[in-house]
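S.K.: File name model.pdb; file contents PDB, C-alpha atoms; full text below.
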MODEL        1
ATOM      1  CA  MET A 176     127.156 106.559 186.149  1.00  0.00           C
ATOM      2  CA  SER A 177     124.147 104.760 184.832  1.00  0.00           C
ATOM      3  CA  PRO A 178     120.642 105.970 185.617  1.00  0.00           C
ATOM      4  CA  THR A 179     118.700 104.249 188.288  1.00  0.00           C
ATOM      5  CA  PRO A 180     115.706 102.140 187.262  1.00  0.00           C
ATOM      6  CA  LYS A 181     113.341 104.855 188.431  1.00  0.00           C
ATOM      7  CA  GLN A 182     115.172 107.479 186.344  1.00  0.00           C
ATOM      8  CA  ALA A 183     115.260 105.137 183.339  1.00  0.00           C
ATOM      9  CA  ARG A 184     111.480 104.715 183.449  1.00  0.00           C
ATOM     10  CA  THR A 185     110.783 108.436 183.352  1.00  0.00           C
ATOM     11  CA  HIS A 186     113.278 109.257 180.606  1.00  0.00           C
ATOM     12  CA  ARG A 187     111.755 109.547 177.146  1.00  0.00           C
ATOM     13  CA  ARG A 188     113.665 110.060 173.939  1.00  0.00           C
ATOM     14  CA  LYS A 189     112.527 113.021 171.857  1.00  0.00           C
ATOM     15  CA  ALA A 190     110.396 111.943 168.880  1.00  0.00           C
ATOM     16  CA  ALA A 191     111.987 112.309 165.464  1.00  0.00           C
ATOM     17  CA  THR A 192     110.402 115.063 163.340  1.00  0.00           C
ATOM     18  CA  SER A 193     111.106 113.354 160.001  1.00  0.00           C
ATOM     19  CA  ASP A 194     108.338 111.930 157.819  1.00  0.00           C
ATOM     20  CA  ARG A 195     107.684 108.333 158.812  1.00  0.00           C
ATOM     21  CA  THR A 196     105.234 107.644 155.994  1.00  0.00           C
ATOM     22  CA  HIS A 197     105.762 104.136 154.697  1.00  0.00           C
ATOM     23  CA  ASN A 198     106.725 103.447 151.102  1.00  0.00           C
ATOM     24  CA  VAL A 199     107.481 106.954 149.845  1.00  0.00           C
ATOM     25  CA  ASN A 200     110.209 105.599 147.574  1.00  0.00           C
ATOM     26  CA  ALA A 201     107.755 103.664 145.400  1.00  0.00           C
ATOM     27  CA  TYR A 202     107.073 103.980 141.684  1.00  0.00           C
ATOM     28  CA  ARG A 203     103.873 103.105 139.863  1.00  0.00           C
ATOM     29  CA  ILE A 204     103.448 102.372 136.169  1.00  0.00           C
ATOM     30  CA  GLU A 205      99.915 102.450 134.782  1.00  0.00           C
ATOM     31  CA  ALA A 206      99.306 101.143 131.266  1.00  0.00           C
ATOM     32  CA  SER A 207      96.158 100.959 129.161  1.00  0.00           C
ATOM     33  CA  TRP A 208      95.423  99.840 125.616  1.00  0.00           C
ATOM     34  CA  ASP A 209      92.899 101.227 123.146  1.00  0.00           C
ATOM     35  CA  HIS A 210      91.450  97.805 122.365  1.00  0.00           C
ATOM     36  CA  ARG A 211      90.830  97.094 126.085  1.00  0.00           C
ATOM     37  CA  PRO A 212      90.461 100.406 127.962  1.00  0.00           C
ATOM     38  CA  ASP A 213      88.823  98.874 131.048  1.00  0.00           C
ATOM     39  CA  ASP A 214      91.641  96.402 131.637  1.00  0.00           C
ATOM     40  CA  THR A 215      94.637  98.473 132.753  1.00  0.00           C
ATOM     41  CA  ALA A 216      97.978  97.170 133.994  1.00  0.00           C
ATOM     42  CA  VAL A 217      99.422  98.634 137.189  1.00  0.00           C
ATOM     43  CA  ILE A 218     102.962  97.824 138.331  1.00  0.00           C
ATOM     44  CA  ARG A 219     104.274  99.063 141.699  1.00  0.00           C
ATOM     45  CA  THR A 220     107.912  98.756 142.670  1.00  0.00           C
ATOM     46  CA  SER A 221     110.491 100.534 144.776  1.00  0.00           C
ATOM     47  CA  ASP A 222     113.242  99.780 142.241  1.00  0.00           C
ATOM     48  CA  ARG A 223     113.610 102.698 139.823  1.00  0.00           C
ATOM     49  CA  LYS A 224     115.544 100.652 137.232  1.00  0.00           C
ATOM     50  CA  ARG A 225     112.873  97.963 137.214  1.00  0.00           C
ATOM     51  CA  ALA A 226     110.192 100.642 136.900  1.00  0.00           C
ATOM     52  CA  ARG A 227     111.957 102.243 133.909  1.00  0.00           C
ATOM     53  CA  LYS A 228     112.348  98.837 132.244  1.00  0.00           C
ATOM     54  CA  ALA A 229     108.660  98.040 132.765  1.00  0.00           C
ATOM     55  CA  PHE A 230     107.784 101.483 131.345  1.00  0.00           C
ATOM     56  CA  ARG A 231     109.844 100.838 128.185  1.00  0.00           C
ATOM     57  CA  GLU A 232     108.427  97.336 127.718  1.00  0.00           C
ATOM     58  CA  LEU A 233     104.827  98.514 128.030  1.00  0.00           C
ATOM     59  CA  VAL A 234     105.463 101.378 125.594  1.00  0.00           C
ATOM     60  CA  ASP A 235     106.946  98.865 123.133  1.00  0.00           C
ATOM     61  CA  LYS A 236     103.778  96.775 123.479  1.00  0.00           C
ATOM     62  CA  GLY A 237     101.717  99.750 122.275  1.00  0.00           C
ATOM     63  CA  ALA A 238     100.140 100.862 125.559  1.00  0.00           C
ATOM     64  CA  TYR A 239      99.528 104.377 126.806  1.00  0.00           C
ATOM     65  CA  VAL A 240     101.814 104.410 129.859  1.00  0.00           C
ATOM     66  CA  ILE A 241     102.075 106.780 132.836  1.00  0.00           C
ATOM     67  CA  PHE A 242     105.196 106.610 135.030  1.00  0.00           C
ATOM     68  CA  GLN A 243     104.519 107.948 138.547  1.00  0.00           C
ATOM     69  CA  GLU A 244     106.505 108.561 141.706  1.00  0.00           C
ATOM     70  CA  HIS A 245     104.995 108.238 145.195  1.00  0.00           C
ATOM     71  CA  GLN A 246     104.754 111.471 147.170  1.00  0.00           C
ATOM     72  CA  GLY A 247     103.323 110.043 150.383  1.00  0.00           C
ATOM     73  CA  TRP A 248      99.790 109.663 151.684  1.00  0.00           C
ATOM     74  CA  ASP A 249      98.635 108.047 148.411  1.00  0.00           C
ATOM     75  CA  ARG A 250      99.651 111.046 146.311  1.00  0.00           C
ATOM     76  CA  TRP A 251     101.461 110.320 143.043  1.00  0.00           C
ATOM     77  CA  ARG A 252     103.475 112.663 140.831  1.00  0.00           C
ATOM     78  CA  THR A 253     103.655 111.924 137.111  1.00  0.00           C
ATOM     79  CA  LEU A 254     107.225 111.736 135.855  1.00  0.00           C
ATOM     80  CA  ARG A 255     106.639 110.622 132.251  1.00  0.00           C
ATOM     81  CA  GLU A 256     103.835 109.734 129.887  1.00  0.00           C
ATOM     82  CA  ALA A 257     104.112 107.965 126.554  1.00  0.00           C
ATOM     83  CA  ASP A 258     101.659 106.863 123.889  1.00  0.00           C
ATOM     84  CA  GLY A 259     103.053 103.519 122.761  1.00  0.00           C
ATOM     85  CA  ALA A 260     100.570 103.055 119.904  1.00  0.00           C
ATOM     86  CA  ALA A 261     101.538 106.415 118.394  1.00  0.00           C
ATOM     87  CA  LEU A 262     105.245 105.657 118.791  1.00  0.00           C
ATOM     88  CA  ARG A 263     104.816 102.264 117.101  1.00  0.00           C
ATOM     89  CA  ALA A 264     102.897 103.879 114.238  1.00  0.00           C
ATOM     90  CA  GLU A 265     105.635 106.507 113.935  1.00  0.00           C
ATOM     91  CA  ARG A 266     108.333 103.824 113.729  1.00  0.00           C
ATOM     92  CA  ALA A 267     106.293 101.874 111.164  1.00  0.00           C
ATOM     93  CA  ALA A 268     105.870 105.034 109.059  1.00  0.00           C
ATOM     94  CA  GLY A 269     109.636 105.616 109.173  1.00  0.00           C
ATOM     95  CA  GLN A 270     110.267 102.060 108.037  1.00  0.00           C
ATOM     96  CA  HIS A 271     107.642 102.411 105.302  1.00  0.00           C
ATOM     97  CA  LEU A 272     109.351 105.597 104.090  1.00  0.00           C
ATOM     98  CA  ALA A 273     112.658 103.747 103.876  1.00  0.00           C
ATOM     99  CA  ALA A 274     111.111 100.700 102.188  1.00  0.00           C
ATOM    100  CA  ALA A 275     109.276 102.834  99.606  1.00  0.00           C
ATOM    101  CA  GLY A 276     112.470 104.704  98.758  1.00  0.00           C
ATOM    102  CA  LEU A 277     110.939 108.044  99.767  1.00  0.00           C
ATOM    103  CA  PRO A 278     113.141 110.693 101.358  1.00  0.00           C
ATOM    104  CA  PRO A 279     113.111 110.668 105.174  1.00  0.00           C
ATOM    105  CA  ALA A 280     111.449 113.476 107.085  1.00  0.00           C
ATOM    106  CA  PRO A 281     113.817 116.458 107.243  1.00  0.00           C
ATOM    107  CA  ALA A 282     115.134 117.469 110.629  1.00  0.00           C
ATOM    108  CA  ASN A 283     113.331 120.827 110.551  1.00  0.00           C
ATOM    109  CA  TYR A 284     109.964 119.354 109.517  1.00  0.00           C
ATOM    110  CA  ARG A 285     107.661 119.930 112.514  1.00  0.00           C
ATOM    111  CA  PRO A 286     110.451 119.443 115.058  1.00  0.00           C
ATOM    112  CA  GLY A 287     109.438 117.757 118.267  1.00  0.00           C
ATOM    113  CA  ALA A 288     106.150 116.435 116.910  1.00  0.00           C
ATOM    114  CA  ASP A 289     105.289 112.850 117.711  1.00  0.00           C
ATOM    115  CA  ASP A 290     103.850 112.198 114.265  1.00  0.00           C
ATOM    116  CA  ARG A 291     106.599 113.598 112.036  1.00  0.00           C
ATOM    117  CA  ASN A 292     107.138 110.424 109.999  1.00  0.00           C
ATOM    118  CA  ARG A 293     103.419 109.706 109.656  1.00  0.00           C
ATOM    119  CA  THR A 294     102.556 113.195 108.379  1.00  0.00           C
ATOM    120  CA  TRP A 295     105.635 113.186 106.130  1.00  0.00           C
ATOM    121  CA  LEU A 296     104.600 109.802 104.707  1.00  0.00           C
ATOM    122  CA  ALA A 297     101.070 111.100 104.066  1.00  0.00           C
ATOM    123  CA  ARG A 298     102.542 114.181 102.394  1.00  0.00           C
ATOM    124  CA  MET A 299     104.855 112.095 100.187  1.00  0.00           C
ATOM    125  CA  ASN A 300     101.983 109.765  99.238  1.00  0.00           C
ATOM    126  CA  ALA A 301      99.791 112.756  98.339  1.00  0.00           C
ATOM    127  CA  ARG A 302     102.613 114.237  96.267  1.00  0.00           C
ATOM    128  CA  ALA A 303     103.190 110.930  94.442  1.00  0.00           C
ATOM    129  CA  GLN A 304      99.472 110.615  93.755  1.00  0.00           C
ATOM    130  CA  ALA A 305      99.319 114.189  92.413  1.00  0.00           C
ATOM    131  CA  GLU A 306     102.344 113.521  90.188  1.00  0.00           C
ATOM    132  CA  ARG A 307     100.741 110.311  88.919  1.00  0.00           C
ATOM    133  CA  ARG A 308      97.471 112.148  88.146  1.00  0.00           C
ATOM    134  CA  ALA A 309      99.397 114.934  86.372  1.00  0.00           C
ATOM    135  CA  ALA A 310     101.308 112.368  84.295  1.00  0.00           C
ATOM    136  CA  GLU A 311      98.062 110.603  83.363  1.00  0.00           C
ATOM    137  CA  GLN A 312      96.457 113.932  82.386  1.00  0.00           C
ATOM    138  CA  ALA A 313      99.520 114.879  80.309  1.00  0.00           C
ATOM    139  CA  ALA A 314      99.373 111.486  78.560  1.00  0.00           C
ATOM    140  CA  ARG A 315      95.648 111.976  77.836  1.00  0.00           C
ATOM    141  CA  ASP A 316      96.269 115.505  76.508  1.00  0.00           C
ATOM    142  CA  GLN A 317      99.106 114.267  74.300  1.00  0.00           C
ATOM    143  CA  ALA A 318      96.955 111.415  72.968  1.00  0.00           C
ATOM    144  CA  GLU A 319      94.110 113.851  72.195  1.00  0.00           C
ATOM    145  CA  ALA A 320      96.511 116.235  70.432  1.00  0.00           C
ATOM    146  CA  GLU A 321      97.962 113.351  68.392  1.00  0.00           C
ATOM    147  CA  ALA A 322      94.463 112.121  67.443  1.00  0.00           C
ATOM    148  CA  ARG A 323      93.465 115.664  66.383  1.00  0.00           C
ATOM    149  CA  ARG A 324      96.647 116.034  64.313  1.00  0.00           C
ATOM    150  CA  ARG A 325      95.998 112.688  62.586  1.00  0.00           C
ATOM    151  CA  ARG A 326      92.358 113.606  61.925  1.00  0.00           C
ATOM    152  CA  LEU A 327      93.337 116.960  60.418  1.00  0.00           C
ATOM    153  CA  ALA A 328      96.036 115.306  58.287  1.00  0.00           C
ATOM    154  CA  ALA A 329      93.508 112.737  57.006  1.00  0.00           C
ATOM    155  CA  GLU A 330      91.027 115.513  56.179  1.00  0.00           C
ATOM    156  CA  ALA A 331      93.746 117.460  54.383  1.00  0.00           C
ATOM    157  CA  CYS A 332      94.699 114.391  52.305  1.00  0.00           C
ATOM    158  CA  ARG A 333      91.087 113.644  51.464  1.00  0.00           C
ATOM    159  CA  ASP A 334      90.166 117.214  50.602  1.00  0.00           C
ATOM    160  CA  ALA A 335      93.470 118.256  48.948  1.00  0.00           C
ATOM    161  CA  ARG A 336      92.231 117.785  45.334  1.00  0.00           C
ATOM    162  CA  THR A 337      89.059 119.726  46.044  1.00  0.00           C
ATOM    163  CA  LEU A 338      90.937 122.480  47.803  1.00  0.00           C
ATOM    164  CA  MET A 339      93.325 122.899  44.839  1.00  0.00           C
ATOM    165  CA  ASN A 340      90.464 123.600  42.392  1.00  0.00           C
ATOM    166  CA  PRO A 341      88.495 126.826  42.438  1.00  0.00           C
ATOM    167  CA  PRO A 342      84.934 126.639  43.654  1.00  0.00           C
ATOM    168  CA  ALA A 343      82.357 125.365  41.138  1.00  0.00           C
ATOM    169  CA  VAL A 344      80.488 128.663  41.101  1.00  0.00           C
ATOM    170  CA  VAL A 345      83.515 130.431  39.635  1.00  0.00           C
ATOM    171  CA  ARG A 346      83.796 128.077  36.639  1.00  0.00           C
ATOM    172  CA  PRO A 347      82.294 129.543  33.467  1.00  0.00           C
ATOM    173  CA  GLU A 348      80.009 126.595  32.724  1.00  0.00           C
ATOM    174  CA  ASN A 349      78.358 126.812  36.121  1.00  0.00           C
ATOM    175  CA  ARG A 350      78.123 130.570  36.182  1.00  0.00           C
ATOM    176  CA  ARG A 351      74.616 131.962  36.316  1.00  0.00           C
ATOM    177  CA  ARG A 352      73.847 134.790  34.055  1.00  0.00           C
ATOM    178  CA  ALA A 353      72.515 137.814  35.771  1.00  0.00           C
ATOM    179  CA  ARG A 354      69.124 138.948  34.639  1.00  0.00           C
ATOM    180  CA  HIS A 355      68.881 142.643  34.362  1.00  0.00           C
ATOM    181  CA  ILE A 356      65.359 143.742  34.921  1.00  0.00           C
ATOM    182  CA  THR A 357      64.228 147.259  34.852  1.00  0.00           C
ATOM    183  CA  GLY A 358      62.253 148.595  37.669  1.00  0.00           C
ATOM    184  CA  ALA A 359      58.959 148.856  35.720  1.00  0.00           C
ATOM    185  CA  GLN A 360      58.905 145.137  34.967  1.00  0.00           C
ATOM    186  CA  ARG A 361      59.079 143.976  38.480  1.00  0.00           C
TER     187      ARG A 361
ENDMDL
END
Here is the file; what I need is its structure written in the form of structure tokens.
M.R.:
Amino acid sequence: MSPTPKQARTHRRKAATSDRTHNVNAYRIEASWDHRPDDTAVIRTSDRKRARKAFRELVDKGAYVIFQEHQGWDRWRTLREADGAALRAERAAGQHLAAAGLPPAPANYRPGADDRNRTWLARMNARAQAERRAAEQAARDQAEAEARRRRLAAEACRDARTLMNPPAVVRPENRRRARHITGAQR
């Protein structure tokens, strides 16, 4: 039996206790660049796939990107952060390592660091520079040793005849006669 109109007016459905906050399934991507810090990009969407794609694209453009999820009442929870400029520099350092023919960064070299390739590249460049300086110093030392050897050989050739003869003082014609003087004549 259906309720009478008077009964229908007085009947109220119990209010739902669930959260009725609008737009709690939203995502926000904030991006900023070093060369324009005041001009940030903010993308809001309820589509998680679109939000992830926008996050990746902004990171590839070299922005510092924060991926956030809406918690209700204008509260946002950070899901991911990425420094696009650092990641681009890291990729460029890896490519530079490969192009220069240097060994890639080993797997156990500062694992988990965001700047592995950049620090490895700096280390390899410093090592190559030290090796180049050592090679230049060795070449200079060898050239100095060769010049000294040649100089000594030239002196030996020039002075060989003189060195074969006894000193002039020893020869009888140059010998000075000793004068023997008694003590009273001094």
S.K.: Once you add 8 Å to each side, what are the centre and edge lengths of the axis-aligned box holding all listed atoms of segment 307-323 of chain A? One decimal in Å, as lines of an AutoDock Vina configuration file, if you can.
M.R.:
center_x = 97.4
center_y = 113.3
center_z = 77.7
size_x = 23.8
size_y = 21.9
size_z = 38.5
S.K.: Using the chain letters and numbering of this document, enumerate as number ranges by chain the residues selected by the PyMOL selection byres ((chain A and resi 296) around 12).
M.R.: A: 264-281, 284, 290-295, 297-303
S.K.: Interatomic distance between atom CA of Tyr202 of chain A and atom CA of Gly237 of chain A?
M.R.: 20.6 Å
S.K.: Rounded to one decimal, what separation in Å do you get between atom CA of Glu205 of chain A and atom CA of Ala229 of chain A?
M.R.: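 Calculated distance between atom CA of Glu205 of chain A and atom CA of Ala229 of chain A is 10.0 Å.
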S.K.: Up to 10 Å from (102.9, 105.6, 144.1) in the file's coordinates: name the residues, counting all atoms listed in the file, as a JSON list (two decimals) with C-alpha atoms, in the coordinates of the input.
M.R.:
[["chain", "number", "residue", "atom", "x", "y", "z"],
["A", 198, "ASN", "CA", 106.72, 103.45, 151.10],
["A", 199, "VAL", "CA", 107.48, 106.95, 149.84],
["A", 200, "ASN", "CA", 110.21, 105.60, 147.57],
["A", 201, "ALA", "CA", 107.76, 103.66, 145.40],
["A", 202, "TYR", "CA", 107.07, 103.98, 141.68],
["A", 203, "ARG", "CA", 103.87, 103.10, 139.86],
["A", 204, "ILE", "CA", 103.45, 102.37, 136.17],
["A", 218, "ILE", "CA", 102.96, 97.82, 138.33],
["A", 219, "ARG", "CA", 104.27, 99.06, 141.70],
["A", 220, "THR", "CA", 107.91, 98.76, 142.67],
["A", 221, "SER", "CA", 110.49, 100.53, 144.78],
["A", 242, "PHE", "CA", 105.20, 106.61, 135.03],
["A", 243, "GLN", "CA", 104.52, 107.95, 138.55],
["A", 244, "GLU", "CA", 106.50, 108.56, 141.71],
["A", 245, "HIS", "CA", 105.00, 108.24, 145.20],
["A", 246, "GLN", "CA", 104.75, 111.47, 147.17],
["A", 247, "GLY", "CA", 103.32, 110.04, 150.38],
["A", 248, "TRP", "CA", 99.79, 109.66, 151.68],
["A", 249, "ASP", "CA", 98.64, 108.05, 148.41],
["A", 250, "ARG", "CA", 99.65, 111.05, 146.31],
["A", 251, "TRP", "CA", 101.46, 110.32, 143.04],
["A", 252, "ARG", "CA", 103.48, 112.66, 140.83],
["A", 253, "THR", "CA", 103.66, 111.92, 137.11]]
S.K.: Which distance in Å separates atom CA of Val234 of chain A and atom CA of Ala216 of chain A, to one decimal?
M.R.: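 We find that atom CA of Val234 of chain A and atom CA of Ala216 of chain A lie 12.0 Å from each other.
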S.K.: Could segment 218-229 of chain A be completed with all heavy atoms and written as a short mmCIF file (atom, residue, chain, number, x, y, z; two decimals), in the frame of the given file, please?
M.R.:
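Saved as part-v8.cif:
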data_model
loop_
_atom_site.label_atom_id
_atom_site.label_comp_id
_atom_site.auth_asym_id
_atom_site.auth_seq_id
_atom_site.Cartn_x
_atom_site.Cartn_y
_atom_site.Cartn_z
N ILE A 218 101.77 98.45 137.75
CA ILE A 218 102.96 97.82 138.33
C ILE A 218 103.50 98.78 139.39
O ILE A 218 103.75 99.96 139.10
CB ILE A 218 104.04 97.57 137.25
CG1 ILE A 218 103.50 96.62 136.19
CG2 ILE A 218 105.30 97.03 137.88
CD1 ILE A 218 104.41 96.47 135.00
N ARG A 219 103.69 98.27 140.61
CA ARG A 219 104.27 99.06 141.70
C ARG A 219 105.60 98.42 142.10
O ARG A 219 105.68 97.21 142.28
CB ARG A 219 103.35 99.09 142.91
CG ARG A 219 102.11 99.88 142.69
CD ARG A 219 101.30 99.92 143.96
NE ARG A 219 100.05 100.62 143.74
CZ ARG A 219 99.44 101.33 144.64
NH1 ARG A 219 99.94 101.42 145.86
NH2 ARG A 219 98.32 101.94 144.37
N THR A 220 106.60 99.25 142.26
CA THR A 220 107.91 98.76 142.67
C THR A 220 108.68 99.89 143.33
O THR A 220 108.42 101.06 143.08
CB THR A 220 108.70 98.20 141.47
OG1 THR A 220 109.95 97.70 141.92
CG2 THR A 220 108.92 99.23 140.41
N SER A 221 109.62 99.51 144.17
CA SER A 221 110.49 100.53 144.78
C SER A 221 111.81 100.65 144.01
O SER A 221 112.61 101.54 144.30
CB SER A 221 110.77 100.19 146.24
OG SER A 221 111.40 98.93 146.31
N ASP A 222 112.02 99.78 143.03
CA ASP A 222 113.24 99.78 142.24
C ASP A 222 113.04 100.66 141.00
O ASP A 222 112.24 100.34 140.12
CB ASP A 222 113.58 98.35 141.84
CG ASP A 222 114.92 98.25 141.13
OD1 ASP A 222 115.61 99.28 141.03
OD2 ASP A 222 115.25 97.15 140.66
N ARG A 223 113.78 101.76 140.93
CA ARG A 223 113.61 102.70 139.82
C ARG A 223 114.02 102.07 138.49
O ARG A 223 113.38 102.30 137.47
CB ARG A 223 114.40 103.98 140.09
CG ARG A 223 114.13 105.06 139.06
CD ARG A 223 114.82 106.37 139.46
NE ARG A 223 114.60 107.39 138.47
CZ ARG A 223 113.60 108.27 138.51
NH1 ARG A 223 112.70 108.21 139.47
NH2 ARG A 223 113.48 109.19 137.58
N LYS A 224 115.10 101.29 138.48
CA LYS A 224 115.54 100.65 137.23
C LYS A 224 114.49 99.68 136.72
O LYS A 224 114.20 99.63 135.52
CB LYS A 224 116.88 99.93 137.44
CG LYS A 224 118.05 100.85 137.50
CD LYS A 224 119.33 100.06 137.55
CE LYS A 224 120.54 100.99 137.57
NZ LYS A 224 121.79 100.25 137.60
N ARG A 225 113.92 98.90 137.62
CA ARG A 225 112.87 97.96 137.21
C ARG A 225 111.65 98.72 136.70
O ARG A 225 111.01 98.30 135.73
CB ARG A 225 112.49 97.07 138.39
CG ARG A 225 111.46 96.03 138.02
CD ARG A 225 111.21 95.06 139.20
NE ARG A 225 110.17 94.11 138.85
CZ ARG A 225 108.87 94.31 139.05
NH1 ARG A 225 108.46 95.42 139.59
NH2 ARG A 225 107.99 93.39 138.70
N ALA A 226 111.33 99.83 137.33
CA ALA A 226 110.19 100.64 136.90
C ALA A 226 110.43 101.21 135.50
O ALA A 226 109.54 101.20 134.65
CB ALA A 226 109.95 101.76 137.90
N ARG A 227 111.64 101.71 135.24
CA ARG A 227 111.96 102.24 133.91
C ARG A 227 111.88 101.14 132.85
O ARG A 227 111.39 101.36 131.75
CB ARG A 227 113.35 102.86 133.91
CG ARG A 227 113.41 104.20 134.58
CD ARG A 227 114.82 104.73 134.51
NE ARG A 227 114.91 106.06 135.09
CZ ARG A 227 116.04 106.68 135.33
NH1 ARG A 227 117.19 106.09 135.03
NH2 ARG A 227 116.05 107.88 135.84
N LYS A 228 112.38 99.95 133.19
CA LYS A 228 112.35 98.84 132.24
C LYS A 228 110.90 98.45 131.94
O LYS A 228 110.53 98.22 130.78
CB LYS A 228 113.11 97.64 132.82
CG LYS A 228 113.16 96.46 131.89
CD LYS A 228 113.94 95.32 132.49
CE LYS A 228 113.93 94.14 131.52
NZ LYS A 228 114.50 92.95 132.11
N ALA A 229 110.07 98.38 132.98
CA ALA A 229 108.66 98.04 132.76
C ALA A 229 107.98 99.12 131.91
O ALA A 229 107.16 98.81 131.03
CB ALA A 229 107.95 97.90 134.11
#
